[in-house]
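Chemist: Encoded as structure tokens, here's the structure I'll be asking about.
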Amino acid sequence: MRSYRKELWFNVPTRRAFINITPQVEACLQESKVKEGLVLVNAMHITASVFINDDEHGLHHDYEHWLEQLAPHAPVSQYQHNVGEDNADAHMKRQIMGREAVVAVTEGKLDFGTWEQIFYGEFDGRRKKRVLVKIIGE
Ligand code: ZN
């Protein structure tokens, strides 16, 4: 069995962003030489997400609006976590959008459903953060 591990690094200049990381994950898969197996992609921070959905600008705007309604950033004083911090909303947004994505590898390619793409969701940016890509198979 082959095993591959790589960290992808991000330094998003804004507090929140959605970034399509499918090209980076595809590059990892090529490098791994795995033809049949599984890819795990997970955020290594508790204020960021990895998730799969459509690369559609309107949808991303809707996510931002929906998440802000569920867990508004301000006023920061509404959260007990924010004693000395200001990112309670980012923890909650990460919880809703998830920690990781798993994708099947078939014939050397990511075996996606229709329109599926992999995204890094940043909810407390402006600092260096990483995503783990782990690929196993043969
Ligand atoms: Zn925190």
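Labels for the structure tokens follow display order: chains A, B, ..., residues from 1 in each chain, ligands from 1.
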Find the residues near range 134-136 of chain A: any atom within 8 Å, counting only C-alpha atoms, skip ones fewer than 4 places away on the same chain, and give them as a ChimeraX atom specification.
Modeler: /A:1-6,29,32,34,37-41
Chemist: Within 9 Å of ligand 1, counting only C-alpha atoms and all ligand atoms, which protein or nucleic acid residues do you find, written as a PyMOL selection string?
Modeler: chain A and resi 46-47+81-82+85-91
Chemist: Go ahead and save the residues from that selection, with C-alpha atoms, as a PDB file, in the first residue's frame.
Modeler:
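Written out: part13.pdb:
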ATOM      1  CA  ILE A  46     -10.263  24.758  14.712  1.00  0.00           C
ATOM      2  CA  THR A  47     -11.317  28.004  13.028  1.00  0.00           C
ATOM      3  CA  HIS A  81     -15.065  32.340  24.450  1.00  0.00           C
ATOM      4  CA  ASN A  82     -14.094  35.903  23.573  1.00  0.00           C
ATOM      5  CA  GLU A  85     -10.153  36.481  21.972  1.00  0.00           C
ATOM      6  CA  ASP A  86     -12.492  37.593  19.203  1.00  0.00           C
ATOM      7  CA  ASN A  87     -12.998  34.412  17.218  1.00  0.00           C
ATOM      8  CA  ALA A  88     -15.853  32.487  18.871  1.00  0.00           C
ATOM      9  CA  ASP A  89     -17.905  32.892  15.684  1.00  0.00           C
ATOM     10  CA  ALA A  90     -15.047  31.332  13.674  1.00  0.00           C
ATOM     11  CA  HIS A  91     -15.133  28.183  15.849  1.00  0.00           C
TER      12      HIS A  91
END
Chemist: Env of Asp54 in chain A: 6 Å cut, atoms = only C-alpha atoms, seq-sep filter 5 positions within chain, self excluded. Answer as a PDB file with all heavy atoms, in the first residue's frame.
Modeler:
ATOM      1  N   TRP A 115     -20.293  18.528 -10.233  1.00  0.00           N
ATOM      2  CA  TRP A 115     -19.951  19.877  -9.762  1.00  0.00           C
ATOM      3  C   TRP A 115     -19.152  19.896  -8.463  1.00  0.00           C
ATOM      4  O   TRP A 115     -18.862  20.976  -7.939  1.00  0.00           O
ATOM      5  CB  TRP A 115     -21.209  20.762  -9.598  1.00  0.00           C
ATOM      6  CG  TRP A 115     -21.955  20.937 -10.871  1.00  0.00           C
ATOM      7  CD1 TRP A 115     -23.197  20.463 -11.170  1.00  0.00           C
ATOM      8  CD2 TRP A 115     -21.512  21.632 -12.048  1.00  0.00           C
ATOM      9  NE1 TRP A 115     -23.551  20.804 -12.444  1.00  0.00           N
ATOM     10  CE2 TRP A 115     -22.541  21.523 -13.005  1.00  0.00           C
ATOM     11  CE3 TRP A 115     -20.346  22.334 -12.367  1.00  0.00           C
ATOM     12  CZ2 TRP A 115     -22.430  22.085 -14.263  1.00  0.00           C
ATOM     13  CZ3 TRP A 115     -20.238  22.895 -13.632  1.00  0.00           C
ATOM     14  CH2 TRP A 115     -21.272  22.762 -14.551  1.00  0.00           C
ATOM     15  N   GLU A 116     -18.809  18.746  -7.914  1.00  0.00           N
ATOM     16  CA  GLU A 116     -18.093  18.749  -6.639  1.00  0.00           C
ATOM     17  C   GLU A 116     -16.672  19.300  -6.780  1.00  0.00           C
ATOM     18  O   GLU A 116     -15.934  18.916  -7.693  1.00  0.00           O
ATOM     19  CB  GLU A 116     -18.028  17.334  -6.034  1.00  0.00           C
ATOM     20  CG  GLU A 116     -19.334  16.888  -5.424  1.00  0.00           C
ATOM     21  CD  GLU A 116     -19.211  15.570  -4.662  1.00  0.00           C
ATOM     22  OE1 GLU A 116     -18.294  14.778  -4.956  1.00  0.00           O
ATOM     23  OE2 GLU A 116     -20.041  15.342  -3.774  1.00  0.00           O
ATOM     24  N   GLN A 117     -16.314  20.184  -5.854  1.00  0.00           N
ATOM     25  CA  GLN A 117     -14.973  20.733  -5.741  1.00  0.00           C
ATOM     26  C   GLN A 117     -14.634  20.816  -4.247  1.00  0.00           C
ATOM     27  O   GLN A 117     -15.537  20.890  -3.408  1.00  0.00           O
ATOM     28  CB  GLN A 117     -14.904  22.141  -6.355  1.00  0.00           C
ATOM     29  CG  GLN A 117     -15.157  22.167  -7.860  1.00  0.00           C
ATOM     30  CD  GLN A 117     -13.925  21.733  -8.647  1.00  0.00           C
ATOM     31  OE1 GLN A 117     -12.976  22.470  -8.802  1.00  0.00           O
ATOM     32  NE2 GLN A 117     -13.954  20.491  -9.135  1.00  0.00           N
TER      33      GLN A 117
END
Chemist: Do you know which residues are at most 10 Å from Gly125 in chain A counting only C-alpha atoms, after dropping those on the same chain fewer than 2 positions away, and could you put them as a PyMOL selection string?
Modeler: chain A and resi 10-17+47-48+90+121-123+127-129
Chemist: Assign secondary structure with DSSP using the backbone only, and return the residues of range 9-130 of chain A in strand (DSSP E or B) as a ChimeraX atom specification.
Modeler: /A:9-11,17-20,37-43,48-53,100-106,109-110,117-122,128-130
Chemist: Using only C-alpha atoms, which residue out of A:Ala71, A:Val50, A:Met97, A:Leu59 lies closest to Ile21 in chain A?
Modeler: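 Using only C-alpha atoms, the shortest distance to Ile21 in chain A belongs to A:Val50.
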Chemist: Among chain A, which residues does DSSP mark as alpha helix (DSSP H) when it is run on the backbone? Keep the chain and numbering as in the structure and answer as number ranges by chain.
Modeler: A: 22-32, 57-70, 88-97
Chemist: My list of candidates is A:His61, A:Asn53, A:Pro75, A:Glu100. Which is closest to Thr114 in chain A when distances are computed with only C-alpha atoms?
Modeler: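 So, comparing all the options, the nearest one is A:Asn53.
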Chemist: Return the single residue from A:Gly58, A:Pro23, A:Pro72, A:Gly108 that is closest to Gly137 in chain A, with distances computed using only C-alpha atoms.
Modeler: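 Of A:Gly58, A:Pro23, A:Pro72, A:Gly108, the one nearest Gly137 in chain A is A:Gly108, counting only C-alpha atoms.
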Chemist: Could you tell me how far CA of Gly98 in chain A sits from CA of His73 in chain A, in Å to one decimal place?
Modeler: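 Straight-line distance from CA of His73 in chain A to CA of Gly98 in chain A works out to 18.3 Å.
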Chemist: With a distance cut-off of 7 Å and only C-alpha atoms, select the neighbouring residues of Val131 in chain A, excluding the residue or stretch itself and same-chain residues fewer than 3 positions from it, and output the selection as a PDB file with N, CA and C atoms, in the first residue's frame.
Modeler:
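Resulting contents of out-v7.pdb:
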ATOM      1  N   GLU A   7       1.354  18.880   3.624  1.00  0.00           N
ATOM      2  CA  GLU A   7       0.646  20.011   4.218  1.00  0.00           C
ATOM      3  C   GLU A   7       0.571  21.141   3.206  1.00  0.00           C
ATOM      4  N   LEU A   8      -0.618  21.690   3.030  1.00  0.00           N
ATOM      5  CA  LEU A   8      -0.821  22.876   2.192  1.00  0.00           C
ATOM      6  C   LEU A   8      -0.939  24.065   3.144  1.00  0.00           C
ATOM      7  N   TRP A   9      -0.214  25.140   2.839  1.00  0.00           N
ATOM      8  CA  TRP A   9      -0.216  26.312   3.731  1.00  0.00           C
ATOM      9  C   TRP A   9      -0.998  27.469   3.113  1.00  0.00           C
ATOM     10  N   VAL A  41      -8.665  15.162   3.219  1.00  0.00           N
ATOM     11  CA  VAL A  41      -8.186  16.550   3.266  1.00  0.00           C
ATOM     12  C   VAL A  41      -8.810  17.189   4.497  1.00  0.00           C
ATOM     13  N   ASN A  42      -7.989  17.620   5.462  1.00  0.00           N
ATOM     14  CA  ASN A  42      -8.573  18.226   6.664  1.00  0.00           C
ATOM     15  C   ASN A  42      -7.837  19.492   7.093  1.00  0.00           C
ATOM     16  N   ALA A  43      -8.644  20.429   7.603  1.00  0.00           N
ATOM     17  CA  ALA A  43      -8.083  21.654   8.173  1.00  0.00           C
ATOM     18  C   ALA A  43      -7.375  21.278   9.466  1.00  0.00           C
ATOM     19  N   MET A  44      -6.200  21.868   9.695  1.00  0.00           N
ATOM     20  CA  MET A  44      -5.459  21.570  10.925  1.00  0.00           C
ATOM     21  C   MET A  44      -5.603  22.702  11.942  1.00  0.00           C
TER      22      MET A  44
END
Chemist: One decimal, in Å: what's the spacing between CA of Glu68 in chain A and CA of Gln95 in chain A?
Modeler: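 The value is 13.3 Å.
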Chemist: Measuring atom to atom with only C-alpha atoms, identify which of A:Thr106, A:Ile96, A:His65, A:Phe119 is nearest to Ile52 in chain A.
Modeler: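 Of A:Thr106, A:Ile96, A:His65, A:Phe119, the one nearest Ile52 in chain A is A:Phe119, counting only C-alpha atoms.
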Chemist: CA of Ser49 in chain A to CA of Arg99 in chain A: how many Å, to one decimal?
Modeler: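 Computing it gives 4.9 Å between the two atoms.
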Chemist: Would you mind telling me which residue in A:Leu110, A:Val83, A:Phe18, A:His45 lies nearest to Arg130 in chain A when using only C-alpha atoms?
Modeler: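 Checking each candidate against Arg130 in chain A, we get A:His45 as the closest.
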